[in-house]
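J.: Just so it is clear, I am handing over my_file00.cif, which has mmCIF, C-alpha atoms.
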data_model
loop_
_atom_site.group_PDB
_atom_site.id
_atom_site.type_symbol
_atom_site.label_atom_id
_atom_site.label_comp_id
_atom_site.auth_asym_id
_atom_site.auth_seq_id
_atom_site.Cartn_x
_atom_site.Cartn_y
_atom_site.Cartn_z
ATOM 1 C CA MET A 858 0.000 0.000 0.000
ATOM 2 C CA LEU A 859 1.279 3.450 -0.914
ATOM 3 C CA GLU A 860 -0.156 6.704 0.441
ATOM 4 C CA ILE A 861 1.216 10.205 -0.115
ATOM 5 C CA PHE A 862 0.397 13.141 2.156
ATOM 6 C CA LYS A 863 1.482 16.719 2.588
ATOM 7 C CA THR A 864 0.734 19.184 5.351
ATOM 8 C CA GLN A 865 -0.957 22.368 4.169
ATOM 9 C CA ASP A 866 -0.595 25.876 5.590
ATOM 10 C CA ASP A 867 -3.832 25.437 7.560
ATOM 11 C CA LYS A 868 -2.352 22.258 9.217
ATOM 12 C CA THR A 869 -4.652 19.930 7.298
ATOM 13 C CA LEU A 870 -3.259 16.834 5.615
ATOM 14 C CA LYS A 871 -3.672 16.666 1.855
ATOM 15 C CA THR A 872 -3.648 13.340 -0.005
ATOM 16 C CA LEU A 873 -1.637 13.328 -3.222
ATOM 17 C CA SER A 874 -1.132 10.944 -6.106
ATOM 18 C CA LEU A 875 2.308 9.734 -7.085
ATOM 19 C CA ASN A 876 2.395 12.015 -10.116
ATOM 20 C CA ASP A 877 1.350 15.051 -8.035
ATOM 21 C CA ALA A 878 3.897 14.508 -5.248
ATOM 22 C CA GLU A 879 5.521 17.768 -4.149
ATOM 23 C CA SER A 880 8.461 18.823 -2.051
ATOM 24 C CA GLY A 881 7.649 18.187 1.607
ATOM 25 C CA SER A 882 5.458 15.172 0.874
ATOM 26 C CA TRP A 883 5.305 12.103 3.089
ATOM 27 C CA PHE A 884 5.323 8.740 1.301
ATOM 28 C CA ASN A 885 3.833 6.093 3.582
ATOM 29 C CA MET A 886 4.505 2.553 2.322
ATOM 30 C CA ILE A 887 2.918 -0.388 4.162
ATOM 31 C CA ASN A 888 3.961 -3.797 2.807
ATOM 32 C CA PRO A 889 4.456 -2.247 -0.650
ATOM 33 C CA SER A 890 4.352 -4.295 -3.807
ATOM 34 C CA LEU A 891 7.362 -4.523 -6.106
ATOM 35 C CA GLU A 892 5.592 -2.246 -8.563
ATOM 36 C CA GLU A 893 5.057 0.439 -5.907
ATOM 37 C CA ILE A 894 8.698 0.205 -4.841
ATOM 38 C CA GLN A 895 9.872 0.634 -8.417
ATOM 39 C CA LYS A 896 7.573 3.618 -9.054
ATOM 40 C CA VAL A 897 8.655 5.454 -5.872
ATOM 41 C CA SER A 898 12.283 4.662 -6.637
ATOM 42 C CA ILE A 899 11.968 6.257 -10.078
ATOM 43 C CA VAL A 900 9.998 9.309 -8.950
ATOM 44 C CA LEU A 901 12.372 10.097 -6.070
ATOM 45 C CA ASP A 902 15.559 8.886 -7.814
ATOM 46 C CA LEU A 903 16.142 6.514 -4.916
ATOM 47 C CA ASP A 904 17.937 3.182 -4.729
ATOM 48 C CA GLU A 905 15.378 0.363 -4.407
ATOM 49 C CA SER A 906 17.467 -1.278 -1.681
ATOM 50 C CA PHE A 907 16.717 1.699 0.586
ATOM 51 C CA LEU A 908 13.037 0.836 0.317
ATOM 52 C CA LYS A 909 13.441 -2.932 0.589
ATOM 53 C CA ASN A 910 15.774 -3.015 3.607
ATOM 54 C CA SER A 911 13.012 -2.154 6.059
ATOM 55 C CA LEU A 912 10.832 -5.018 4.835
ATOM 56 C CA ASP A 913 13.229 -7.617 6.253
ATOM 57 C CA ALA A 914 11.814 -8.787 9.601
ATOM 58 C CA ASP A 915 15.346 -9.404 10.949
ATOM 59 C CA GLU A 916 16.712 -5.970 10.022
ATOM 60 C CA THR A 917 18.451 -4.239 12.931
ATOM 61 C CA SER A 918 18.289 -0.555 13.811
ATOM 62 C CA ARG A 919 20.902 1.529 12.028
ATOM 63 C CA ILE A 920 21.637 4.698 10.033
ATOM 64 C CA GLU A 921 22.842 4.594 6.439
ATOM 65 C CA TYR A 922 23.764 7.493 4.141
ATOM 66 C CA GLU A 923 24.120 7.113 0.388
ATOM 67 C CA ASP A 924 23.954 9.463 -2.632
ATOM 68 C CA GLY A 925 22.488 12.334 -0.630
ATOM 69 C CA ASN A 926 19.753 10.164 0.889
ATOM 70 C CA LEU A 927 19.520 9.106 4.518
ATOM 71 C CA LEU A 928 18.020 5.856 5.844
ATOM 72 C CA VAL A 929 17.105 5.491 9.512
ATOM 73 C CA ILE A 930 15.861 2.054 10.555
ATOM 74 C CA THR A 931 14.295 1.714 13.981
ATOM 75 C CA ASN A 932 12.438 -1.208 15.532
ATOM 76 C CA ILE A 933 8.940 -0.447 16.749
ATOM 77 C CA PRO A 934 6.625 -2.576 18.939
ATOM 78 C CA PHE A 935 3.377 -4.124 17.819
ATOM 79 C CA MET A 936 0.732 -6.426 19.263
ATOM 80 C CA ASP A 937 -0.812 -9.163 17.129
ATOM 81 C CA GLU A 938 -4.427 -10.330 17.185
ATOM 82 C CA GLU A 939 -3.672 -12.998 19.800
ATOM 83 C CA GLY A 940 -2.237 -10.437 22.207
ATOM 84 C CA ASN A 941 1.412 -11.421 21.715
ATOM 85 C CA PHE A 942 4.069 -8.734 21.391
ATOM 86 C CA ASP A 943 6.896 -8.450 18.893
ATOM 87 C CA THR A 944 8.905 -5.796 17.064
ATOM 88 C CA LEU A 945 9.237 -4.920 13.397
ATOM 89 C CA PRO A 946 11.618 -2.640 11.481
ATOM 90 C CA LEU A 947 10.394 0.778 10.443
ATOM 91 C CA GLY A 948 12.414 2.565 7.784
ATOM 92 C CA ILE A 949 12.445 6.364 7.706
ATOM 93 C CA ILE A 950 14.063 7.609 4.506
ATOM 94 C CA PHE A 951 15.013 11.214 3.803
ATOM 95 C CA THR A 952 15.574 12.564 0.336
ATOM 96 C CA PRO A 953 16.422 16.208 -0.341
ATOM 97 C CA GLU A 954 12.719 16.873 -1.033
ATOM 98 C CA SER A 955 10.585 14.294 0.757
ATOM 99 C CA MET A 956 10.341 11.694 3.521
ATOM 100 C CA ILE A 957 9.321 8.037 3.206
ATOM 101 C CA THR A 958 8.262 5.581 5.885
ATOM 102 C CA VAL A 959 8.407 1.872 5.056
ATOM 103 C CA SER A 960 7.157 -1.052 7.135
ATOM 104 C CA SER A 961 6.144 -4.626 6.403
ATOM 105 C CA MET A 962 2.771 -4.378 8.140
ATOM 106 C CA GLU A 963 0.254 -1.867 9.390
ATOM 107 C CA ASN A 964 1.027 -0.548 12.867
ATOM 108 C CA LYS A 965 -0.501 1.811 15.396
ATOM 109 C CA ILE A 966 2.480 4.144 15.463
ATOM 110 C CA ILE A 967 2.241 5.191 11.830
ATOM 111 C CA ASN A 968 -1.559 5.053 11.955
ATOM 112 C CA SER A 969 -1.517 7.626 14.744
ATOM 113 C CA PHE A 970 -0.277 10.196 12.209
ATOM 114 C CA SER A 971 -3.438 10.911 10.260
ATOM 115 C CA SER A 972 -5.732 13.716 9.196
ATOM 116 C CA GLU A 973 -7.289 13.669 12.705
ATOM 117 C CA THR A 974 -3.908 14.415 14.325
ATOM 118 C CA SER A 975 -2.440 16.543 11.540
ATOM 119 C CA MET A 976 -2.214 19.637 13.781
ATOM 120 C CA TYR A 977 0.529 17.892 15.822
ATOM 121 C CA PHE A 978 3.000 17.222 13.007
ATOM 122 C CA ASP A 979 4.176 18.767 9.737
ATOM 123 C CA THR A 980 5.385 16.627 6.837
ATOM 124 C CA ARG A 981 7.352 19.597 5.514
ATOM 125 C CA ASN A 982 9.496 19.634 8.662
ATOM 126 C CA LYS A 983 11.128 16.250 8.115
ATOM 127 C CA THR A 984 13.402 16.303 11.149
ATOM 128 C CA ASN A 985 10.647 17.151 13.612
ATOM 129 C CA PHE A 986 8.301 14.639 11.966
ATOM 130 C CA MET A 987 10.893 11.858 12.367
ATOM 131 C CA LEU A 988 11.409 12.748 16.030
ATOM 132 C CA ASN A 989 7.654 12.640 16.607
ATOM 133 C CA ILE A 990 7.568 9.123 15.142
ATOM 134 C CA LEU A 991 10.464 8.006 17.350
ATOM 135 C CA PHE A 992 8.848 9.607 20.407
ATOM 136 C CA ARG A 993 5.560 7.858 19.678
ATOM 137 C CA ALA A 994 7.400 4.525 19.292
ATOM 138 C CA ALA A 995 9.064 4.943 22.703
ATOM 139 C CA LYS A 996 5.668 5.758 24.248
ATOM 140 C CA PHE A 997 4.161 2.606 22.734
ATOM 141 C CA TYR A 998 6.985 0.518 24.211
ATOM 142 C CA LEU A 999 6.083 1.864 27.664
ATOM 143 C CA ARG A 1000 2.375 1.305 27.045
ATOM 144 C CA TYR A 1001 2.886 -2.284 25.912
ATOM 145 C CA LEU A 1002 5.226 -2.970 28.847
ATOM 146 C CA ASN A 1003 2.438 -1.953 31.229
ATOM 147 C CA ILE A 1004 0.079 -4.342 29.425
ATOM 148 C CA ILE A 1005 2.692 -7.118 29.668
ATOM 149 C CA ASN A 1006 3.127 -6.444 33.384
ATOM 150 C CA LYS A 1007 -0.617 -6.727 34.048
ATOM 151 C CA HIS A 1008 -0.799 -9.877 31.908
ATOM 152 C CA SER A 1009 2.093 -11.402 33.899
ATOM 153 C CA GLU A 1010 0.312 -10.638 37.168
ATOM 154 C CA ARG A 1011 -2.833 -12.417 35.930
ATOM 155 C CA ILE A 1012 -0.776 -15.461 34.919
ATOM 156 C CA GLU A 1013 0.964 -15.413 38.305
ATOM 157 C CA ASP A 1014 -2.397 -15.398 40.105
ATOM 158 C CA SER A 1015 -3.576 -18.378 38.046
ATOM 159 C CA LEU A 1016 -0.334 -20.260 38.726
ATOM 160 C CA LYS A 1017 -0.851 -19.808 42.463
ATOM 161 C CA LYS A 1018 -4.041 -21.850 42.101
ATOM 162 C CA THR A 1019 -2.800 -24.444 39.633
ATOM 163 C CA THR A 1020 0.494 -24.886 37.776
ATOM 164 C CA SER A 1021 -1.125 -25.664 34.439
ATOM 165 C CA ASN A 1022 0.937 -26.048 31.281
ATOM 166 C CA LYS A 1023 -1.171 -23.383 29.558
ATOM 167 C CA ALA A 1024 -0.189 -20.730 32.105
ATOM 168 C CA LEU A 1025 3.478 -21.733 31.904
ATOM 169 C CA PHE A 1026 3.415 -21.474 28.099
ATOM 170 C CA GLN A 1027 1.859 -18.008 28.447
ATOM 171 C CA LEU A 1028 4.732 -16.980 30.714
ATOM 172 C CA MET A 1029 7.184 -18.258 28.128
ATOM 173 C CA GLU A 1030 5.485 -16.115 25.461
ATOM 174 C CA VAL A 1031 5.766 -13.063 27.715
ATOM 175 C CA GLN A 1032 9.425 -13.816 28.326
ATOM 176 C CA LYS A 1033 10.037 -14.090 24.576
ATOM 177 C CA SER A 1034 8.326 -10.731 23.990
ATOM 178 C CA LEU A 1035 10.559 -9.093 26.588
ATOM 179 C CA VAL A 1036 13.649 -10.484 24.855
ATOM 180 C CA TYR A 1037 12.484 -8.933 21.572
ATOM 181 C CA PHE A 1038 11.828 -5.612 23.316
ATOM 182 C CA THR A 1039 15.223 -5.610 25.042
ATOM 183 C CA THR A 1040 17.132 -6.209 21.813
ATOM 184 C CA ALA A 1041 15.125 -3.629 19.858
ATOM 185 C CA LEU A 1042 15.329 -0.916 22.517
ATOM 186 C CA LYS A 1043 19.089 -1.261 22.932
ATOM 187 C CA ASP A 1044 19.604 -1.067 19.160
ATOM 188 C CA ASN A 1045 17.292 1.954 19.013
ATOM 189 C CA GLN A 1046 19.292 3.637 21.766
ATOM 190 C CA VAL A 1047 22.449 3.381 19.660
ATOM 191 C CA VAL A 1048 20.639 4.968 16.696
ATOM 192 C CA LEU A 1049 19.258 7.773 18.887
ATOM 193 C CA GLN A 1050 22.727 8.556 20.189
ATOM 194 C CA LYS A 1051 24.009 8.759 16.607
ATOM 195 C CA ILE A 1052 21.176 11.129 15.692
ATOM 196 C CA LEU A 1053 22.027 13.254 18.737
ATOM 197 C CA ARG A 1054 25.653 13.496 17.594
ATOM 198 C CA ILE A 1055 24.447 14.553 14.121
ATOM 199 C CA ALA A 1056 22.165 17.141 15.739
ATOM 200 C CA ASN A 1057 24.925 18.588 17.905
ATOM 201 C CA ALA A 1058 27.290 18.704 14.938
ATOM 202 C CA SER A 1059 24.840 20.358 12.536
ATOM 203 C CA LYS A 1060 22.933 22.824 14.744
ATOM 204 C CA GLY A 1061 20.838 23.701 11.706
ATOM 205 C CA GLN A 1062 23.863 24.417 9.550
ATOM 206 C CA GLY A 1063 22.800 22.293 6.612
ATOM 207 C CA GLY A 1064 22.719 18.628 5.762
ATOM 208 C CA ILE A 1065 19.683 16.536 4.997
ATOM 209 C CA LEU A 1066 18.561 16.779 8.641
ATOM 210 C CA LYS A 1067 18.337 20.259 10.105
ATOM 211 C CA PHE A 1068 17.866 20.477 13.871
ATOM 212 C CA THR A 1069 16.522 23.453 15.763
ATOM 213 C CA GLU A 1070 16.908 23.868 19.517
ATOM 214 C CA ASP A 1071 13.355 22.560 19.943
ATOM 215 C CA ASP A 1072 14.210 19.530 17.837
ATOM 216 C CA ILE A 1073 17.238 18.758 19.995
ATOM 217 C CA ASP A 1074 15.085 19.075 23.128
ATOM 218 C CA LEU A 1075 12.562 16.667 21.609
ATOM 219 C CA LEU A 1076 15.351 14.262 20.666
ATOM 220 C CA GLU A 1077 16.631 14.307 24.247
ATOM 221 C CA ASP A 1078 13.090 13.535 25.421
ATOM 222 C CA VAL A 1079 12.995 10.581 23.025
ATOM 223 C CA ILE A 1080 16.303 9.297 24.424
ATOM 224 C CA ILE A 1081 14.994 9.627 27.995
ATOM 225 C CA GLU A 1082 11.785 7.756 27.118
ATOM 226 C CA ASN A 1083 13.780 5.027 25.382
ATOM 227 C CA LYS A 1084 16.116 4.676 28.389
ATOM 228 C CA GLN A 1085 13.095 4.407 30.657
ATOM 229 C CA ALA A 1086 11.678 1.673 28.420
ATOM 230 C CA VAL A 1087 15.037 -0.180 28.547
ATOM 231 C CA GLU A 1088 15.056 -0.004 32.353
ATOM 232 C CA MET A 1089 11.445 -1.158 32.582
ATOM 233 C CA VAL A 1090 11.917 -4.113 30.265
ATOM 234 C CA GLU A 1091 15.057 -5.168 32.148
ATOM 235 C CA MET A 1092 13.143 -4.962 35.441
ATOM 236 C CA HIS A 1093 10.238 -7.007 34.031
ATOM 237 C CA ARG A 1094 12.650 -9.586 32.633
ATOM 238 C CA THR A 1095 14.379 -9.957 35.996
ATOM 239 C CA ILE A 1096 11.042 -10.326 37.794
ATOM 240 C CA LEU A 1097 9.777 -12.825 35.221
ATOM 241 C CA GLU A 1098 12.963 -14.905 35.364
ATOM 242 C CA SER A 1099 12.743 -14.978 39.162
ATOM 243 C CA MET A 1100 9.080 -15.945 38.882
ATOM 244 C CA MET A 1101 9.864 -18.780 36.458
ATOM 245 C CA ASP A 1102 12.647 -20.058 38.761
ATOM 246 C CA GLY A 1103 10.305 -19.793 41.741
ATOM 247 C CA PHE A 1104 7.530 -21.751 40.035
ATOM 248 C CA ALA A 1105 10.042 -24.350 38.855
ATOM 249 C CA SER A 1106 11.114 -24.828 42.476
ATOM 250 C CA ILE A 1107 7.474 -25.022 43.586
ATOM 251 C CA ILE A 1108 6.675 -27.649 40.952
ATOM 252 C CA SER A 1109 9.758 -29.649 41.926
ATOM 253 C CA ASN A 1110 8.812 -29.407 45.602
ATOM 254 C CA ASN A 1111 5.236 -30.500 44.834
ATOM 255 C CA VAL A 1112 6.563 -33.545 42.986
ATOM 256 C CA ASN A 1113 8.775 -34.410 45.963
ATOM 257 C CA VAL A 1114 5.818 -34.089 48.347
ATOM 258 C CA ILE A 1115 3.683 -36.349 46.158
ATOM 259 C CA MET A 1116 6.488 -38.918 45.889
ATOM 260 C CA LYS A 1117 6.958 -38.910 49.673
ATOM 261 C CA PHE A 1118 3.215 -39.383 50.170
ATOM 262 C CA LEU A 1119 3.047 -42.238 47.658
ATOM 263 C CA ALA A 1120 6.107 -43.909 49.210
ATOM 264 C CA ALA A 1121 4.519 -43.742 52.672
ATOM 265 C CA ILE A 1122 1.200 -45.103 51.390
ATOM 266 C CA THR A 1123 3.031 -47.936 49.609
ATOM 267 C CA ILE A 1124 4.860 -48.956 52.797
ATOM 268 C CA ILE A 1125 1.681 -48.781 54.890
ATOM 269 C CA LEU A 1126 -0.286 -50.898 52.426
ATOM 270 C CA SER A 1127 2.538 -53.427 52.220
ATOM 271 C CA ILE A 1128 2.254 -54.241 55.955
ATOM 272 C CA PRO A 1129 -1.138 -56.080 55.718
ATOM 273 C CA THR A 1130 0.218 -57.795 52.597
ATOM 274 C CA MET A 1131 3.245 -59.043 54.587
ATOM 275 C CA PHE A 1132 0.983 -60.388 57.339
ATOM 276 C CA GLY A 1133 -1.187 -62.108 54.747
ATOM 277 C CA THR A 1134 1.918 -63.591 53.093
ATOM 278 C CA PHE A 1135 3.384 -64.967 56.316
ATOM 279 C CA TRP A 1136 0.128 -66.507 57.546
ATOM 280 C CA GLY A 1137 -0.702 -67.813 54.097
ATOM 281 C CA MET A 1138 2.275 -70.197 54.091
ATOM 282 C CA ASN A 1139 1.485 -73.896 54.001
ATOM 283 C CA VAL A 1140 3.258 -74.522 57.349
ATOM 284 C CA SER A 1141 2.311 -74.373 61.010
ATOM 285 C CA VAL A 1142 1.788 -70.746 62.111
ATOM 286 C CA PRO A 1143 0.663 -69.072 65.350
ATOM 287 C CA PHE A 1144 -3.096 -68.947 65.824
ATOM 288 C CA GLY A 1145 -3.414 -71.562 63.113
ATOM 289 C CA GLN A 1146 -5.788 -73.656 65.235
ATOM 290 C CA ASN A 1147 -7.502 -70.712 66.912
ATOM 291 C CA PRO A 1148 -11.077 -70.117 65.645
ATOM 292 C CA TRP A 1149 -10.464 -66.366 65.989
ATOM 293 C CA GLY A 1150 -7.078 -66.598 64.282
ATOM 294 C CA PHE A 1151 -8.177 -64.769 61.103
ATOM 295 C CA MET A 1152 -9.598 -61.796 63.042
ATOM 296 C CA ILE A 1153 -6.510 -61.653 65.265
ATOM 297 C CA ILE A 1154 -4.208 -61.458 62.244
ATOM 298 C CA ILE A 1155 -6.396 -58.782 60.632
ATOM 299 C CA ILE A 1156 -6.357 -56.708 63.829
ATOM 300 C CA LEU A 1157 -2.587 -57.122 64.234
ATOM 301 C CA SER A 1158 -1.963 -56.051 60.619
ATOM 302 C CA MET A 1159 -4.246 -53.021 61.031
ATOM 303 C CA ILE A 1160 -2.460 -52.026 64.277
ATOM 304 C CA ALA A 1161 0.929 -52.334 62.554
ATOM 305 C CA ALA A 1162 -0.278 -50.287 59.566
ATOM 306 C CA ALA A 1163 -1.746 -47.613 61.886
ATOM 307 C CA ALA A 1164 1.528 -47.443 63.839
ATOM 308 C CA ALA A 1165 3.434 -46.952 60.565
ATOM 309 C CA ALA A 1166 0.969 -44.243 59.498
ATOM 310 C CA ILE A 1167 1.430 -42.397 62.815
ATOM 311 C CA PHE A 1168 5.214 -42.655 62.469
ATOM 312 C CA PHE A 1169 5.193 -41.303 58.902
ATOM 313 C CA ASN A 1170 2.808 -38.515 59.903
ATOM 314 C CA LYS A 1171 5.223 -37.378 62.633
ATOM 315 C CA LYS A 1172 8.000 -37.387 60.031
ATOM 316 C CA GLY A 1173 5.931 -35.085 57.779
ATOM 317 C CA MET A 1174 5.338 -37.667 55.077
ATOM 318 C CA PHE A 1175 1.646 -36.698 54.809
#
Written as structure tokens, how would this file's structure read?
T.:
Amino acid sequence: MLEIFKTQDDKTLKTLSLNDAESGSWFNMINPSLEEIQKVSIVLDLDESFLKNSLDADETSRIEYEDGNLLVITNIPFMDEEGNFDTLPLGIIFTPESMITVSSMENKIINSFSSETSMYFDTRNKTNFMLNILFRAAKFYLRYLNIINKHSERIEDSLKKTTSNKALFQLMEVQKSLVYFTTALKDNQVVLQKILRIANASKGQGGILKFTEDDIDLLEDVIIENKQAVEMVEMHRTILESMMDGFASIISNNVNVIMKFLAAITIILSIPTMFGTFWGMNVSVPFGQNPWGFMIIIILSMIAAAAAAIFFNKKGMF
């Protein structure tokens, strides 16, 4: 999908066709077809690889400069229909005239920049627009981390009642999401630091990205938000790992308790069997001629089994 927008003087967002694209336009490409990539590449005189790099799900965050064009790849969070969290690359490409965003799937971060929110961003100010996207991405990381935390607490409550495999698999999914977030946020932090160095070096003195003092302040806010997200995800990972270790110990302890109980029951039940075996031999045995012999043996075996049960109970086997 290819959409082209441009902010007007009255802060409204105008939709343009590819042939009518002007300086200051924003090209938004969501899972673009090969034909769309080729057309945009021709219109903007842009290497196709710049557009295709961001479509690779394993692409890491980085900055690349080539032939007067700048590519910034950052990893943004997203939540799928099943409620699982992952990250995907978002490419932000700057040409001398326009800006392009490229991603492999629709996401809430790019969708938040629309005609309804057009008063908060300006496609003609490419630097500020990019920083708004990065700021929104950092905010979504924090928002999703809060959702993950609440989800983990619900799983923990269910595990306190029963250590079901379903709940444990859910914890594993949460742990995997946190690993994705950790890797993406740390890579993003490196990119943000590089952008800050570019900002401090340029100070609005030219280059494809021109930073004002307000832009630098916004960039510093983005870095702070990203650092906060890194700290939060590390904290959640530590808590989750401790929780997993704790539940593993609980499960192991429960197994030991059950095995102790079964061992005690086995020994207790074997006592009447031993009595029955001894008095079932085809030899002379005590009480063999006594008319109450059977009842005596039953009572003796029950007394012996009860004594064993009392002993095991004192030893904490039950």
J.: May I ask which of the residues A:Ala1165, A:Leu912, A:Met1029, A:Leu875 is the closest one to Val900 (chain A), counting all atoms listed in the file?
T.: A:Leu875
J.: Could you name the residues that touch Glu1077 (chain A) at 9 Å or less, counting only C-alpha atoms, but leaving out those on the same chain fewer than 4 positions away, as a list in words?
T.: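 Answer for this query is Leu1049, Leu1053, Asp1072, Ile1073, Ile1081 and Glu1082 of chain A.
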J.: Smallest atom-to-atom distance to Ala1121 (chain A): which of A:Gln895, A:Asn876, A:Gln1085, A:Asn1170, using only C-alpha atoms?
T.: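 For Ala1121 (chain A), the nearest of the candidates is A:Asn1170.
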J.: Convert the output of the PyMOL selection byres ((chain A and resi 948) around 6) on the shown file into explicit residues, formatted as a PyMOL selection string.
T.: chain A and resi 911+929-930+947+949+958-959
J.: Just so the selection is clear, what residues does the PyMOL selection byres ((chain A and resi 1041) around 12) cover here, as a VMD selection string?
T.: chain A and resid 914 to 919 930 to 935 943 to 947 994 to 995 998 1034 to 1040 1042 to 1048 1083 to 1084 1086 to 1087 1090
J.: With all atoms listed in the file as the basis for distance, which of A:Asn982, A:Met1089, A:Ile1128, A:Lys1117 is at the shortest distance from Lys1172 (chain A)?
T.: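 Closest to Lys1172 (chain A), using all atoms listed in the file: A:Lys1117.
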J.: Please fill the gaps in region 1075-1081 of chain A so it has all heavy atoms, and write that as a compact mmCIF listing (two decimals), in the frame of the given file.
T.:
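Printed below is selection-v7.txt as written:
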# COMPACT_ATOMS: atom_id res chain seq x y z
N LEU A 1075 13.45 17.80 21.85
CA LEU A 1075 12.56 16.67 21.61
C LEU A 1075 13.36 15.38 21.48
O LEU A 1075 12.94 14.33 22.00
CB LEU A 1075 11.73 16.91 20.34
CG LEU A 1075 10.77 15.80 19.92
CD1 LEU A 1075 9.79 15.47 21.05
CD2 LEU A 1075 10.02 16.19 18.64
N LEU A 1076 14.50 15.44 20.80
CA LEU A 1076 15.35 14.26 20.67
C LEU A 1076 15.83 13.78 22.03
O LEU A 1076 15.86 12.57 22.31
CB LEU A 1076 16.54 14.57 19.76
CG LEU A 1076 17.59 13.47 19.59
CD1 LEU A 1076 16.95 12.18 19.06
CD2 LEU A 1076 18.70 13.93 18.65
N GLU A 1077 16.21 14.69 22.90
CA GLU A 1077 16.63 14.31 24.25
C GLU A 1077 15.48 13.67 25.02
O GLU A 1077 15.70 12.73 25.80
CB GLU A 1077 17.17 15.54 24.99
CG GLU A 1077 18.50 16.03 24.42
CD GLU A 1077 18.96 17.34 25.05
OE1 GLU A 1077 18.12 17.97 25.75
OE2 GLU A 1077 20.12 17.72 24.85
N ASP A 1078 14.26 14.16 24.79
CA ASP A 1078 13.09 13.54 25.42
C ASP A 1078 12.90 12.11 24.91
O ASP A 1078 12.55 11.20 25.69
CB ASP A 1078 11.83 14.36 25.14
CG ASP A 1078 11.82 15.68 25.88
OD1 ASP A 1078 12.55 15.82 26.88
OD2 ASP A 1078 11.07 16.60 25.45
N VAL A 1079 13.11 11.92 23.60
CA VAL A 1079 13.00 10.58 23.02
C VAL A 1079 14.02 9.64 23.66
O VAL A 1079 13.71 8.49 24.01
CB VAL A 1079 13.18 10.62 21.49
CG1 VAL A 1079 13.17 9.20 20.93
CG2 VAL A 1079 12.10 11.45 20.84
N ILE A 1080 15.24 10.12 23.83
CA ILE A 1080 16.30 9.30 24.42
C ILE A 1080 15.94 8.93 25.86
O ILE A 1080 16.13 7.79 26.30
CB ILE A 1080 17.65 10.04 24.37
CG1 ILE A 1080 18.12 10.18 22.90
CG2 ILE A 1080 18.71 9.32 25.19
CD1 ILE A 1080 19.36 11.03 22.72
N ILE A 1081 15.40 9.89 26.61
CA ILE A 1081 14.99 9.63 28.00
C ILE A 1081 13.88 8.57 28.04
O ILE A 1081 13.92 7.64 28.86
CB ILE A 1081 14.54 10.93 28.67
CG1 ILE A 1081 15.74 11.87 28.87
CG2 ILE A 1081 13.86 10.64 30.02
CD1 ILE A 1081 15.35 13.26 29.35
